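> Before I ask anything, let me first share the structure, which is written out below as structure tokens.
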Amino acid sequence: SNLCKLSQTHPMANWSDLQHDMLGLIAQHLDKIEDYVAFGAVCKSWRAAATEKNFKGLRLWQQIPCLMLAAKDDFNREFYSLMEKQVVAKVSLPQLKGKKCYESLGWLLTIGQQGEISLLNPFYGVEIELPNQNTFPEYDLYEMDPDIFVRRMVLSSRPSRESPEDDDFVVMIICGGVGFLAFWRPKDLRWNRIETRNSSYADVIYTNGQFYAIDHMGNVVVCDVFEANPTDQARIIARFSPELWDKKELYLVKSSSTDDEPFLVVTRDNIPNYEDEQGFELDKPIYGTTEFQVFELVSTAGREKEITSRWEEIKNLGSRSIF
């Protein structure tokens with residue numbers, strides 16, 4: 001706000017010409033991510049000063065996230081703050097024209113109409129080209145519209161801005177008509193598929209140095225893809241009771257990376273309604289959410305083929321929030 005007042009009293013000042021060191025000092029006084037995003041969106045020189053080391057506020061994973069709103073034109077996207085209850089940044093992103101997006105750790109996985117895939121940081125302007133979706137194993141058997149081929153995406157860590165091709169991050173996705181797991185690592189020429197599965201996968205997360213996923217049969221699996229030969233590494237570590245997941249969507253949650261933090265499964269009813277509000281029969285069903293339930297994994301023990309799991313429904317998240 002002080003900068004705005006100063007700009008009003010000195011309307012001829014060229015704010016893009018401020019020295020980099022001075023911009024860095026200004027950036028270090030911003031402790032809300034909304035202000036920091038707006039600061040970096042001013043121009044190239046301000047964006048260069050909006051580095052992660054200059055941000056002194058809460059880390060990204062400790063803050064309430066912003067929402068990237070649907071496109072209003074071919075070039076710009078608006079970011080809405082749930083804290084401020086208003087749009088806090090407008091960023092030019094022509095790379096997103098005609099593409100579908102998935103987000104993880106502040107990076108966007110973009111998918112074009114020809115199956116081209118890339119990772120894009122919307123605020124730094126860094127883009128990493130990934131193999132086309134036609135490089136998936138047995139792609140011809142599961143060829144689908146690019147808009148629906150990928151269902152979920154999660155990163156193991158944030159790629160660096162300077163040399164992302166030298167990082168050791170992993171991109172894990174749920175894709176294909178049968179909902180299988182696939183991953184990509186820098187320098188891989190094609191996508192790798194994890195073969196072990198009992199049903200189509202519903203959700204995948206990264207925590208404690210490994211990827212965890214849940215399928216539509218309630219199996220919770222772990223995938224360590226950092227091995228030299230990671231294919232077929234998925235193994236079941238818990239099972240979610242069928243009476244809890246029948247006809248529901250499943251989401252796997254772990255709100256922190258500590259080992260003692262229990263896994264949560266969120267269920268969302270997904271029962272189609274074949275009647276409208278007046279009770280008239282519809283040609284196509286309406287899918288709507290009427291209830292969420294949250295369950296906590298209390299214990300899991302036994303060998304791989306003798307897994308026992310106990311899930312308890314919880315009514316209070318305490319200080320946690322689930323998005």
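Each chain in the structure tokens gets a letter, A, B and so on, in the order shown; residues start at 1 in every chain, and ligands are counted from 1 in the order they appear.
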Env of Pro159 in chain A: 12 Å cut, atoms = only C-alpha atoms, seq-sep filter 6 positions within chain, self excluded. Answer as a PyMOL selection string.

chain A and resi 104-108+119-121+124+126-128+165-171+185-186

> Given the selection you just returned, output its residues as a file containing N, CA, C and O atoms, formatted as a PDB file, in the first residue's frame.


```pdb
ATOM      1  N   SER A 104      -0.040 -29.184  -9.110  1.00  0.00           N
ATOM      2  CA  SER A 104       0.627 -29.800  -7.971  1.00  0.00           C
ATOM      3  C   SER A 104       1.803 -28.924  -7.572  1.00  0.00           C
ATOM      4  O   SER A 104       2.619 -28.554  -8.430  1.00  0.00           O
ATOM      5  N   LEU A 105       1.878 -28.571  -6.300  1.00  0.00           N
ATOM      6  CA  LEU A 105       2.982 -27.781  -5.749  1.00  0.00           C
ATOM      7  C   LEU A 105       3.217 -26.488  -6.523  1.00  0.00           C
ATOM      8  O   LEU A 105       4.344 -26.017  -6.678  1.00  0.00           O
ATOM      9  N   GLY A 106       2.133 -25.889  -7.025  1.00  0.00           N
ATOM     10  CA  GLY A 106       2.250 -24.624  -7.731  1.00  0.00           C
ATOM     11  C   GLY A 106       2.617 -24.733  -9.198  1.00  0.00           C
ATOM     12  O   GLY A 106       2.718 -23.727  -9.887  1.00  0.00           O
ATOM     13  N   TRP A 107       2.808 -25.961  -9.716  1.00  0.00           N
ATOM     14  CA  TRP A 107       3.105 -26.181 -11.132  1.00  0.00           C
ATOM     15  C   TRP A 107       1.877 -26.746 -11.828  1.00  0.00           C
ATOM     16  O   TRP A 107       1.107 -27.507 -11.237  1.00  0.00           O
ATOM     17  N   LEU A 108       1.708 -26.394 -13.093  1.00  0.00           N
ATOM     18  CA  LEU A 108       0.580 -26.864 -13.877  1.00  0.00           C
ATOM     19  C   LEU A 108       1.042 -27.911 -14.884  1.00  0.00           C
ATOM     20  O   LEU A 108       2.028 -27.702 -15.607  1.00  0.00           O
ATOM     21  N   LEU A 119       5.027 -29.172 -18.166  1.00  0.00           N
ATOM     22  CA  LEU A 119       4.891 -28.593 -16.831  1.00  0.00           C
ATOM     23  C   LEU A 119       5.149 -27.099 -16.947  1.00  0.00           C
ATOM     24  O   LEU A 119       6.132 -26.680 -17.563  1.00  0.00           O
ATOM     25  N   LEU A 120       4.282 -26.294 -16.346  1.00  0.00           N
ATOM     26  CA  LEU A 120       4.402 -24.840 -16.450  1.00  0.00           C
ATOM     27  C   LEU A 120       4.258 -24.218 -15.072  1.00  0.00           C
ATOM     28  O   LEU A 120       3.328 -24.524 -14.328  1.00  0.00           O
ATOM     29  N   ASN A 121       5.217 -23.354 -14.726  1.00  0.00           N
ATOM     30  CA  ASN A 121       5.070 -22.544 -13.518  1.00  0.00           C
ATOM     31  C   ASN A 121       4.446 -21.215 -13.936  1.00  0.00           C
ATOM     32  O   ASN A 121       5.067 -20.441 -14.670  1.00  0.00           O
ATOM     33  N   TYR A 124       6.634 -17.980 -12.700  1.00  0.00           N
ATOM     34  CA  TYR A 124       8.028 -17.836 -13.105  1.00  0.00           C
ATOM     35  C   TYR A 124       8.195 -17.896 -14.619  1.00  0.00           C
ATOM     36  O   TYR A 124       9.235 -17.523 -15.150  1.00  0.00           O
ATOM     37  N   VAL A 126       8.507 -20.580 -16.348  1.00  0.00           N
ATOM     38  CA  VAL A 126       9.337 -21.734 -16.707  1.00  0.00           C
ATOM     39  C   VAL A 126       8.435 -22.856 -17.221  1.00  0.00           C
ATOM     40  O   VAL A 126       7.431 -23.199 -16.590  1.00  0.00           O
ATOM     41  N   GLU A 127       8.789 -23.441 -18.369  1.00  0.00           N
ATOM     42  CA  GLU A 127       8.005 -24.531 -18.947  1.00  0.00           C
ATOM     43  C   GLU A 127       8.923 -25.701 -19.270  1.00  0.00           C
ATOM     44  O   GLU A 127       9.999 -25.525 -19.831  1.00  0.00           O
ATOM     45  N   ILE A 128       8.501 -26.905 -18.890  1.00  0.00           N
ATOM     46  CA  ILE A 128       9.268 -28.126 -19.098  1.00  0.00           C
ATOM     47  C   ILE A 128       8.469 -29.041 -20.011  1.00  0.00           C
ATOM     48  O   ILE A 128       7.346 -29.437 -19.676  1.00  0.00           O
ATOM     49  N   GLU A 165      15.832 -29.703 -15.755  1.00  0.00           N
ATOM     50  CA  GLU A 165      16.161 -30.971 -16.411  1.00  0.00           C
ATOM     51  C   GLU A 165      17.163 -31.788 -15.611  1.00  0.00           C
ATOM     52  O   GLU A 165      17.326 -32.991 -15.847  1.00  0.00           O
ATOM     53  N   ASP A 166      17.844 -31.157 -14.649  1.00  0.00           N
ATOM     54  CA  ASP A 166      18.828 -31.861 -13.829  1.00  0.00           C
ATOM     55  C   ASP A 166      18.261 -32.282 -12.463  1.00  0.00           C
ATOM     56  O   ASP A 166      18.984 -32.852 -11.645  1.00  0.00           O
ATOM     57  N   ASP A 167      16.996 -31.988 -12.215  1.00  0.00           N
ATOM     58  CA  ASP A 167      16.381 -32.326 -10.931  1.00  0.00           C
ATOM     59  C   ASP A 167      16.014 -33.810 -10.881  1.00  0.00           C
ATOM     60  O   ASP A 167      16.026 -34.507 -11.895  1.00  0.00           O
ATOM     61  N   ASP A 168      15.647 -34.256  -9.680  1.00  0.00           N
ATOM     62  CA  ASP A 168      15.247 -35.658  -9.507  1.00  0.00           C
ATOM     63  C   ASP A 168      13.781 -35.781  -9.120  1.00  0.00           C
ATOM     64  O   ASP A 168      13.383 -36.729  -8.454  1.00  0.00           O
ATOM     65  N   PHE A 169      12.946 -34.817  -9.533  1.00  0.00           N
ATOM     66  CA  PHE A 169      11.520 -34.890  -9.231  1.00  0.00           C
ATOM     67  C   PHE A 169      10.852 -35.933 -10.126  1.00  0.00           C
ATOM     68  O   PHE A 169      11.383 -36.355 -11.151  1.00  0.00           O
ATOM     69  N   VAL A 170       9.645 -36.351  -9.729  1.00  0.00           N
ATOM     70  CA  VAL A 170       8.865 -37.336 -10.480  1.00  0.00           C
ATOM     71  C   VAL A 170       7.449 -36.805 -10.673  1.00  0.00           C
ATOM     72  O   VAL A 170       6.867 -36.228  -9.748  1.00  0.00           O
ATOM     73  N   VAL A 171       6.912 -36.976 -11.863  1.00  0.00           N
ATOM     74  CA  VAL A 171       5.512 -36.661 -12.156  1.00  0.00           C
ATOM     75  C   VAL A 171       4.732 -37.972 -12.171  1.00  0.00           C
ATOM     76  O   VAL A 171       5.057 -38.876 -12.941  1.00  0.00           O
ATOM     77  N   ARG A 185      10.209 -39.151 -15.221  1.00  0.00           N
ATOM     78  CA  ARG A 185      11.340 -38.523 -14.553  1.00  0.00           C
ATOM     79  C   ARG A 185      12.168 -37.765 -15.580  1.00  0.00           C
ATOM     80  O   ARG A 185      12.202 -38.160 -16.754  1.00  0.00           O
ATOM     81  N   PRO A 186      12.826 -36.668 -15.188  1.00  0.00           N
ATOM     82  CA  PRO A 186      13.655 -35.939 -16.149  1.00  0.00           C
ATOM     83  C   PRO A 186      14.616 -36.878 -16.880  1.00  0.00           C
ATOM     84  O   PRO A 186      15.189 -37.783 -16.275  1.00  0.00           O
TER      85      PRO A 186
END
```

> Determine which residues of range 42-270 of chain A receive a DSSP assignment of helix (DSSP H, G or I), computed from the backbone, and state them as a PyMOL selection string.

chain A and resi 44-49+52-54+60-62+94-96+133-135+139-141+146-149+164-166+242-245

> Restricted to N, CA and C atoms, what would the selected residues look like written as an mmCIF file, in the first residue's frame?


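Once written, out_9.cif looks like this:
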```cif
data_model
loop_
_atom_site.group_PDB
_atom_site.id
_atom_site.type_symbol
_atom_site.label_atom_id
_atom_site.label_comp_id
_atom_site.auth_asym_id
_atom_site.auth_seq_id
_atom_site.Cartn_x
_atom_site.Cartn_y
_atom_site.Cartn_z
ATOM 1 N N LYS A 44 8.758 -8.012 -15.479
ATOM 2 C CA LYS A 44 9.842 -8.993 -15.466
ATOM 3 C C LYS A 44 10.839 -8.739 -14.341
ATOM 4 N N SER A 45 11.198 -7.469 -14.111
ATOM 5 C CA SER A 45 12.194 -7.189 -13.077
ATOM 6 C C SER A 45 11.649 -7.482 -11.686
ATOM 7 N N TRP A 46 10.366 -7.212 -11.460
ATOM 8 C CA TRP A 46 9.764 -7.527 -10.162
ATOM 9 C C TRP A 46 9.622 -9.038 -10.003
ATOM 10 N N ARG A 47 9.302 -9.733 -11.094
ATOM 11 C CA ARG A 47 9.185 -11.186 -11.028
ATOM 12 C C ARG A 47 10.533 -11.823 -10.687
ATOM 13 N N ALA A 48 11.616 -11.250 -11.219
ATOM 14 C CA ALA A 48 12.947 -11.777 -10.944
ATOM 15 C C ALA A 48 13.311 -11.646 -9.474
ATOM 16 N N ALA A 49 12.733 -10.651 -8.790
ATOM 17 C CA ALA A 49 13.011 -10.458 -7.369
ATOM 18 C C ALA A 49 12.112 -11.304 -6.478
ATOM 19 N N GLU A 52 11.885 -17.574 -4.138
ATOM 20 C CA GLU A 52 11.419 -18.273 -2.940
ATOM 21 C C GLU A 52 12.198 -17.842 -1.704
ATOM 22 N N LYS A 53 13.491 -17.578 -1.851
ATOM 23 C CA LYS A 53 14.307 -17.200 -0.690
ATOM 24 C C LYS A 53 13.929 -15.822 -0.155
ATOM 25 N N ASN A 54 13.358 -14.953 -0.990
ATOM 26 C CA ASN A 54 12.975 -13.621 -0.537
ATOM 27 C C ASN A 54 11.639 -13.607 0.190
ATOM 28 N N LEU A 60 4.325 -22.229 1.293
ATOM 29 C CA LEU A 60 3.131 -22.419 0.473
ATOM 30 C C LEU A 60 2.190 -23.460 1.046
ATOM 31 N N TRP A 61 2.743 -24.562 1.563
ATOM 32 C CA TRP A 61 1.883 -25.652 2.030
ATOM 33 C C TRP A 61 1.234 -25.333 3.386
ATOM 34 N N GLN A 62 1.601 -24.197 3.995
ATOM 35 C CA GLN A 62 0.991 -23.801 5.265
ATOM 36 C C GLN A 62 -0.096 -22.748 5.061
ATOM 37 N N PRO A 94 -0.486 -17.252 -22.234
ATOM 38 C CA PRO A 94 -0.947 -17.723 -23.550
ATOM 39 C C PRO A 94 -0.659 -19.196 -23.778
ATOM 40 N N GLN A 95 0.277 -19.784 -22.980
ATOM 41 C CA GLN A 95 0.604 -21.211 -23.142
ATOM 42 C C GLN A 95 -0.571 -22.115 -22.797
ATOM 43 N N LEU A 96 -1.579 -21.579 -22.099
ATOM 44 C CA LEU A 96 -2.707 -22.404 -21.663
ATOM 45 C C LEU A 96 -3.869 -22.410 -22.656
ATOM 46 N N GLN A 133 1.482 -37.842 -24.860
ATOM 47 C CA GLN A 133 0.732 -38.937 -24.241
ATOM 48 C C GLN A 133 0.730 -40.198 -25.120
ATOM 49 N N ASN A 134 1.092 -40.073 -26.400
ATOM 50 C CA ASN A 134 1.154 -41.270 -27.245
ATOM 51 C C ASN A 134 2.360 -42.147 -26.935
ATOM 52 N N THR A 135 3.229 -41.707 -25.980
ATOM 53 C CA THR A 135 4.363 -42.545 -25.568
ATOM 54 C C THR A 135 4.009 -43.443 -24.386
ATOM 55 N N TYR A 139 -0.514 -47.413 -25.584
ATOM 56 C CA TYR A 139 -1.386 -46.252 -25.780
ATOM 57 C C TYR A 139 -2.480 -46.521 -26.812
ATOM 58 N N ASP A 140 -2.145 -47.259 -27.842
ATOM 59 C CA ASP A 140 -3.121 -47.534 -28.903
ATOM 60 C C ASP A 140 -4.344 -48.277 -28.378
ATOM 61 N N LEU A 141 -4.156 -49.052 -27.307
ATOM 62 C CA LEU A 141 -5.286 -49.795 -26.744
ATOM 63 C C LEU A 141 -6.215 -48.893 -25.953
ATOM 64 N N PRO A 146 -7.598 -36.209 -25.558
ATOM 65 C CA PRO A 146 -6.617 -35.629 -24.620
ATOM 66 C C PRO A 146 -7.254 -34.930 -23.422
ATOM 67 N N ASP A 147 -8.488 -34.450 -23.598
ATOM 68 C CA ASP A 147 -9.150 -33.746 -22.500
ATOM 69 C C ASP A 147 -9.491 -34.667 -21.335
ATOM 70 N N ILE A 148 -9.595 -35.962 -21.578
ATOM 71 C CA ILE A 148 -9.996 -36.870 -20.505
ATOM 72 C C ILE A 148 -8.987 -37.990 -20.270
ATOM 73 N N PHE A 149 -7.858 -37.977 -20.996
ATOM 74 C CA PHE A 149 -6.888 -39.061 -20.839
ATOM 75 C C PHE A 149 -6.257 -39.041 -19.457
ATOM 76 N N PRO A 164 15.733 -27.310 -14.377
ATOM 77 C CA PRO A 164 14.793 -28.381 -13.985
ATOM 78 C C PRO A 164 15.137 -29.725 -14.608
ATOM 79 N N GLU A 165 15.832 -29.703 -15.755
ATOM 80 C CA GLU A 165 16.161 -30.971 -16.411
ATOM 81 C C GLU A 165 17.163 -31.788 -15.611
ATOM 82 N N ASP A 166 17.844 -31.157 -14.649
ATOM 83 C CA ASP A 166 18.828 -31.861 -13.829
ATOM 84 C C ASP A 166 18.261 -32.282 -12.463
ATOM 85 N N PRO A 242 -15.365 -52.274 1.876
ATOM 86 C CA PRO A 242 -16.300 -52.093 0.757
ATOM 87 C C PRO A 242 -17.593 -51.386 1.150
ATOM 88 N N GLU A 243 -18.094 -51.639 2.348
ATOM 89 C CA GLU A 243 -19.350 -50.990 2.736
ATOM 90 C C GLU A 243 -19.203 -49.481 2.884
ATOM 91 N N LEU A 244 -17.958 -48.996 2.952
ATOM 92 C CA LEU A 244 -17.717 -47.561 3.093
ATOM 93 C C LEU A 244 -17.548 -46.868 1.749
ATOM 94 N N TRP A 245 -17.082 -47.602 0.709
ATOM 95 C CA TRP A 245 -16.797 -46.949 -0.569
ATOM 96 C C TRP A 245 -17.790 -47.280 -1.672
#
```

> With distances taken over only C-alpha atoms, which residue among A:Thr207, A:Asn273, A:Ser199, A:Thr267 lies nearest Glu313 in chain A?

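Among the listed residues, the smallest separation from Glu313 in chain A belongs to A:Thr267.
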
> Using only C-alpha atoms, which residue out of A:Phe226, A:Ile194, A:Pro65, A:Arg152 lies closest to Lys85 in chain A?

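Closest residue, counting only C-alpha atoms: A:Pro65.
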
> Please identify all polymer residues within 7 Å of Lys90 in chain A, counting only C-alpha atoms, omitting same-chain residues fewer than 4 positions from it, and present them as a PDB file with C-alpha atoms, in the first residue's frame.


```
ATOM      1  CA  ASN A  76      -4.833 -14.087 -19.160  1.00  0.00           C
ATOM      2  CA  ARG A  77      -5.731 -16.032 -16.037  1.00  0.00           C
ATOM      3  CA  GLU A  78      -6.955 -14.592 -12.750  1.00  0.00           C
ATOM      4  CA  PHE A  79      -5.995 -15.934  -9.319  1.00  0.00           C
TER       5      PHE A  79
END
```

> Could you please write out, as a VMD selection string, every residue of range 27-150 of chain A that DSSP assigns to strand (DSSP E or B)?

chain A and resid 66 to 68 76 to 81 86 to 92 100 to 104 107 to 111 117 to 120 127 to 130 150

> Quick one: of A:Gly98, A:Glu138, A:Ser156, A:Arg320, who's nearest to Trp184 in chain A, counting only C-alpha atoms?

A:Ser156

> Can you tell me, as a PyMOL selection string, what residues are no more than 10 Å from Leu264 in chain A when counting only C-alpha atoms, ignoring any on the same chain fewer than 6 positions away?

chain A and resi 251-255+294-298+311-314

> Any chance you could export the current selection's N, CA, C and O atoms as an mmCIF file, in the first residue's frame?


```cif
data_model
loop_
_atom_site.group_PDB
_atom_site.id
_atom_site.type_symbol
_atom_site.label_atom_id
_atom_site.label_comp_id
_atom_site.auth_asym_id
_atom_site.auth_seq_id
_atom_site.Cartn_x
_atom_site.Cartn_y
_atom_site.Cartn_z
ATOM 1 N N TYR A 251 -10.937 -40.250 -2.131
ATOM 2 C CA TYR A 251 -9.805 -39.335 -2.139
ATOM 3 C C TYR A 251 -8.877 -39.702 -0.990
ATOM 4 O O TYR A 251 -9.322 -39.901 0.144
ATOM 5 N N LEU A 252 -7.593 -39.789 -1.291
ATOM 6 C CA LEU A 252 -6.588 -40.145 -0.292
ATOM 7 C C LEU A 252 -5.910 -38.864 0.186
ATOM 8 O O LEU A 252 -5.494 -38.030 -0.623
ATOM 9 N N VAL A 253 -5.788 -38.701 1.517
ATOM 10 C CA VAL A 253 -5.283 -37.455 2.092
ATOM 11 C C VAL A 253 -4.270 -37.767 3.177
ATOM 12 O O VAL A 253 -4.445 -38.706 3.960
ATOM 13 N N LYS A 254 -3.201 -36.972 3.205
ATOM 14 C CA LYS A 254 -2.277 -36.968 4.335
ATOM 15 C C LYS A 254 -1.862 -35.517 4.512
ATOM 16 O O LYS A 254 -1.172 -34.950 3.668
ATOM 17 N N SER A 255 -2.294 -34.900 5.607
ATOM 18 C CA SER A 255 -2.174 -33.451 5.711
ATOM 19 C C SER A 255 -0.784 -32.983 6.095
ATOM 20 O O SER A 255 -0.502 -31.795 6.086
ATOM 21 N N VAL A 294 -15.297 -38.584 6.158
ATOM 22 C CA VAL A 294 -13.850 -38.661 6.321
ATOM 23 C C VAL A 294 -13.531 -39.812 7.273
ATOM 24 O O VAL A 294 -14.104 -39.908 8.360
ATOM 25 N N PHE A 295 -12.609 -40.675 6.856
ATOM 26 C CA PHE A 295 -12.212 -41.836 7.656
ATOM 27 C C PHE A 295 -10.709 -41.801 7.889
ATOM 28 O O PHE A 295 -9.928 -41.402 7.020
ATOM 29 N N GLU A 296 -10.313 -42.250 9.063
ATOM 30 C CA GLU A 296 -8.906 -42.248 9.456
ATOM 31 C C GLU A 296 -8.411 -43.680 9.600
ATOM 32 O O GLU A 296 -9.099 -44.527 10.188
ATOM 33 N N LEU A 297 -7.225 -43.968 9.054
ATOM 34 C CA LEU A 297 -6.620 -45.280 9.191
ATOM 35 C C LEU A 297 -6.032 -45.395 10.594
ATOM 36 O O LEU A 297 -5.054 -44.722 10.920
ATOM 37 N N VAL A 298 -6.631 -46.237 11.398
ATOM 38 C CA VAL A 298 -6.201 -46.370 12.788
ATOM 39 C C VAL A 298 -5.057 -47.348 12.907
ATOM 40 O O VAL A 298 -4.080 -47.113 13.620
ATOM 41 N N TRP A 311 -10.581 -48.630 9.934
ATOM 42 C CA TRP A 311 -10.854 -47.245 9.605
ATOM 43 C C TRP A 311 -11.956 -46.719 10.514
ATOM 44 O O TRP A 311 -12.959 -47.390 10.736
ATOM 45 N N GLU A 312 -11.775 -45.525 11.043
ATOM 46 C CA GLU A 312 -12.778 -44.897 11.893
ATOM 47 C C GLU A 312 -13.223 -43.576 11.279
ATOM 48 O O GLU A 312 -12.389 -42.777 10.845
ATOM 49 N N GLU A 313 -14.538 -43.347 11.245
ATOM 50 C CA GLU A 313 -15.033 -42.073 10.738
ATOM 51 C C GLU A 313 -14.732 -40.982 11.756
ATOM 52 O O GLU A 313 -14.908 -41.174 12.960
ATOM 53 N N ILE A 314 -14.253 -39.853 11.268
ATOM 54 C CA ILE A 314 -13.966 -38.728 12.156
ATOM 55 C C ILE A 314 -14.879 -37.561 11.788
ATOM 56 O O ILE A 314 -15.209 -37.355 10.624
#
```

> Under the rule that only C-alpha atoms are counted, which of A:Phe292, A:Phe280, A:Phe183, A:Tyr274 is the nearest residue to Met153 in chain A?

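Checking each of A:Phe292, A:Phe280, A:Phe183, A:Tyr274 against Met153 in chain A, counting only C-alpha atoms, the winner is A:Phe183.
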
> When distances are computed from only C-alpha atoms, which of A:Arg310, A:Lys32, A:His216, A:Lys315 shows the smallest separation from Gln293 in chain A?

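Using only C-alpha atoms, the shortest distance to Gln293 in chain A belongs to A:Lys315.
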
> Calculated over only C-alpha atoms, which of the candidates A:Tyr80, A:Tyr206, A:Phe136, A:Tyr36 has the smallest distance to Val221 in chain A?

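Of A:Tyr80, A:Tyr206, A:Phe136, A:Tyr36, the one nearest Val221 in chain A is A:Tyr206, counting only C-alpha atoms.
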
> So the first atom is CA of Glu261 in chain A and the second is CA of Ser299 in chain A; what is the distance between them in Å, to one decimal place?

11.8 Å

> Can you tell me which residues surround Tyr287 in chain A at a distance of at most 8 Å, considering only C-alpha atoms, apart from same-chain residues fewer than 5 positions away, and format the answer as a list of chain:residue names?

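The residues satisfying every condition are A:Asn270, A:Ile271, A:Pro272, A:Asn273.
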
> Give me a file of those residues, with N, CA, C and O atoms, as an mmCIF file, in the first residue's frame.


```
data_model
loop_
_atom_site.group_PDB
_atom_site.id
_atom_site.type_symbol
_atom_site.label_atom_id
_atom_site.label_comp_id
_atom_site.auth_asym_id
_atom_site.auth_seq_id
_atom_site.Cartn_x
_atom_site.Cartn_y
_atom_site.Cartn_z
ATOM 1 N N ASN A 270 -21.641 -40.518 -5.150
ATOM 2 C CA ASN A 270 -21.630 -40.352 -6.606
ATOM 3 C C ASN A 270 -22.793 -41.105 -7.224
ATOM 4 O O ASN A 270 -22.676 -41.706 -8.280
ATOM 5 N N ILE A 271 -23.927 -41.103 -6.534
ATOM 6 C CA ILE A 271 -25.104 -41.825 -7.013
ATOM 7 C C ILE A 271 -25.886 -40.947 -7.985
ATOM 8 O O ILE A 271 -26.255 -39.823 -7.642
ATOM 9 N N PRO A 272 -26.123 -41.384 -9.222
ATOM 10 C CA PRO A 272 -26.815 -40.539 -10.205
ATOM 11 C C PRO A 272 -28.295 -40.366 -9.863
ATOM 12 O O PRO A 272 -28.943 -41.268 -9.322
ATOM 13 N N ASN A 273 -28.806 -39.198 -10.185
ATOM 14 C CA ASN A 273 -30.218 -38.892 -9.983
ATOM 15 C C ASN A 273 -30.893 -38.853 -11.354
ATOM 16 O O ASN A 273 -30.505 -38.062 -12.218
#
```

> Would you compute the distance between CA of Phe240 in chain A and CA of Val154 in chain A? Give it in Å to one decimal.

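Result for CA of Phe240 in chain A versus CA of Val154 in chain A: 21.8 Å, one decimal.
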
> Can you work out the spacing between CA of Ile174 in chain A and CA of Tyr102 in chain A in Å, to one decimal?

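Going from CA of Ile174 in chain A over to CA of Tyr102 in chain A, I get 11.4 Å.
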